[in-house]
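So the structure is just underneath, and the comments pick up after that.
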Amino acid sequence: MTHSRSLSRRRLIRTGGALGLTTAAGTLLAPQAGAAPEAAATTKVTDLGPGLVQFSLMSGLVVGDTVYIGSRNLTPSSVVGFHLPSRKVVSSTDLDAGPEPSIQALAADPTGRYLYIGVLVKSDQGKPNLYRWDLRTPDKPAVPIGRTEDRDIRDLAVAPDGTVFAVGGVPDKPPVLWQYDPPPLVP
């Protein structure tokens, strides 16, 4: 029987595996790098905060050239304004809406000045669930303007005259339609 000197597939795989294990073992056994005791005493490590903050989103609405995005299951709940041409977050507002709230519904008035925000909460604490954010002054927070008798607002619409309609939901009850008549606009 003649033996061939060429590498078979099996021999090649075995050789590659052995080489990989040897390399891995060598890395584990190599001395670890560390700061000298003098350097460790003078080294200052600064916590820069999270490298990535998750923003779970629930709702969105385009007003002009900005898309407003409502959060989901974040405390505090918030709405951010993402400017489409610059591709940057240009505004944000936080809401004190209760534990694990979701910004379920967003609607803008016909002028594009106000953004109405409807909140769905997992645990009702009797807090407002309807907010209004003046988009002409986005550095000021959204203000709570009311509470429906339902714990959740599932959808919002704004009529041409500025009247806001909200539909809510509570387990084991049919949805109810609510109306909010905002005060006249002040220029």
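Simple scheme: letters A, B, ... for chains in structure tokens order, numbers from 1 for residues in each chain, numbers from 1 for ligands in the order shown.
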Expected answer as an MDAnalysis selection string: strand (DSSP E or B) residues in region 37-133 of chain A: chainID A and resid 57:63 66:72 77:83 88:95 102:108 114:120 130:133
Nearby residues (only C-alpha atoms) at most 10 Å from Pro76 (chain A), same-chain spacing under 3 positions excluded, as an mmCIF file with N, CA, C and O atoms, in the first residue's frame:
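Saved the output as selection36.cif:
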```cif
data_model
loop_
_atom_site.group_PDB
_atom_site.id
_atom_site.type_symbol
_atom_site.label_atom_id
_atom_site.label_comp_id
_atom_site.auth_asym_id
_atom_site.auth_seq_id
_atom_site.Cartn_x
_atom_site.Cartn_y
_atom_site.Cartn_z
ATOM 1 N N SER A 71 -42.183 57.923 22.932
ATOM 2 C CA SER A 71 -41.493 56.776 23.527
ATOM 3 C C SER A 71 -42.472 55.713 24.016
ATOM 4 O O SER A 71 -43.671 55.946 24.151
ATOM 5 N N ARG A 72 -41.897 54.562 24.314
ATOM 6 C CA ARG A 72 -42.663 53.432 24.849
ATOM 7 C C ARG A 72 -41.883 52.821 26.005
ATOM 8 O O ARG A 72 -40.696 52.515 25.869
ATOM 9 N N ASN A 73 -42.558 52.635 27.138
ATOM 10 C CA ASN A 73 -41.982 51.964 28.310
ATOM 11 C C ASN A 73 -40.715 52.628 28.828
ATOM 12 O O ASN A 73 -39.817 51.942 29.315
ATOM 13 N N THR A 93 -39.213 66.645 24.888
ATOM 14 C CA THR A 93 -39.953 66.998 26.088
ATOM 15 C C THR A 93 -40.236 65.729 26.871
ATOM 16 O O THR A 93 -40.465 64.677 26.283
ATOM 17 N N ASP A 94 -40.152 65.835 28.183
ATOM 18 C CA ASP A 94 -40.443 64.707 29.069
ATOM 19 C C ASP A 94 -41.808 64.910 29.708
ATOM 20 O O ASP A 94 -42.209 66.031 30.003
ATOM 21 N N LEU A 95 -42.499 63.793 29.939
ATOM 22 C CA LEU A 95 -43.815 63.829 30.570
ATOM 23 C C LEU A 95 -43.776 63.024 31.858
ATOM 24 O O LEU A 95 -43.157 61.961 31.907
ATOM 25 N N ASP A 96 -44.452 63.502 32.861
ATOM 26 C CA ASP A 96 -44.585 62.764 34.115
ATOM 27 C C ASP A 96 -45.919 62.028 34.052
ATOM 28 O O ASP A 96 -46.905 62.446 34.632
ATOM 29 N N ALA A 97 -45.932 60.920 33.319
ATOM 30 C CA ALA A 97 -47.198 60.262 33.014
ATOM 31 C C ALA A 97 -47.443 58.987 33.800
ATOM 32 O O ALA A 97 -48.451 58.333 33.582
ATOM 33 N N GLY A 98 -46.547 58.602 34.682
ATOM 34 C CA GLY A 98 -46.762 57.383 35.444
ATOM 35 C C GLY A 98 -45.778 56.293 35.057
ATOM 36 O O GLY A 98 -44.918 56.498 34.212
ATOM 37 N N PRO A 99 -45.935 55.129 35.661
ATOM 38 C CA PRO A 99 -44.981 54.040 35.413
ATOM 39 C C PRO A 99 -45.177 53.382 34.051
ATOM 40 O O PRO A 99 -46.298 53.129 33.641
ATOM 41 N N GLU A 100 -44.071 53.151 33.382
ATOM 42 C CA GLU A 100 -44.022 52.484 32.081
ATOM 43 C C GLU A 100 -45.063 53.007 31.089
ATOM 44 O O GLU A 100 -45.826 52.244 30.517
ATOM 45 N N PRO A 101 -45.101 54.305 30.872
ATOM 46 C CA PRO A 101 -46.089 54.851 29.945
ATOM 47 C C PRO A 101 -45.634 54.704 28.497
ATOM 48 O O PRO A 101 -44.448 54.531 28.218
ATOM 49 N N SER A 102 -46.599 54.750 27.618
ATOM 50 C CA SER A 102 -46.314 54.761 26.189
ATOM 51 C C SER A 102 -47.031 55.947 25.574
ATOM 52 O O SER A 102 -48.197 56.194 25.883
#
```
Which residues of region 139-167 of chain A come within 12 Å of region 106-109 of chain A, and what is each one's closest atom pair and distance in Å (one decimal), counting only C-alpha atoms, sorted by chain and residue number, as a tab-separated table?
```
residue	atom	partner	partner_atom	distance
A:Ile153	CA	A:Leu106	CA	10.0
A:Arg154	CA	A:Leu106	CA	9.7
A:Asp155	CA	A:Leu106	CA	7.5
A:Leu156	CA	A:Ala107	CA	5.8
A:Ala157	CA	A:Ala107	CA	5.8
A:Val158	CA	A:Asp109	CA	5.7
A:Ala159	CA	A:Asp109	CA	7.6
A:Pro160	CA	A:Asp109	CA	7.6
A:Asp161	CA	A:Asp109	CA	8.6
A:Gly162	CA	A:Asp109	CA	5.9
A:Thr163	CA	A:Asp109	CA	8.4
A:Val164	CA	A:Asp109	CA	8.2
A:Phe165	CA	A:Ala107	CA	9.6
A:Ala166	CA	A:Ala107	CA	9.9
```
Length of the CA of Gln104 (chain A) to CA of Asp152 (chain A) vector [Å]: 8.4 Å
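Pairwise distance (CA of Ser92 (chain A), CA of Ser78 (chain A)) equals 6.9 Å.
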For Ala142 (chain A): contacts at 9 Å, only C-alpha atoms, fewer than 6 positions along chain excluded, given as number ranges by chain: A: 93-95, 115-117, 131-134
Coordinates-based distance that separates CA of Asp181 (chain A) from CA of Ala105 (chain A) (Å, one decimal): 17.6 Å
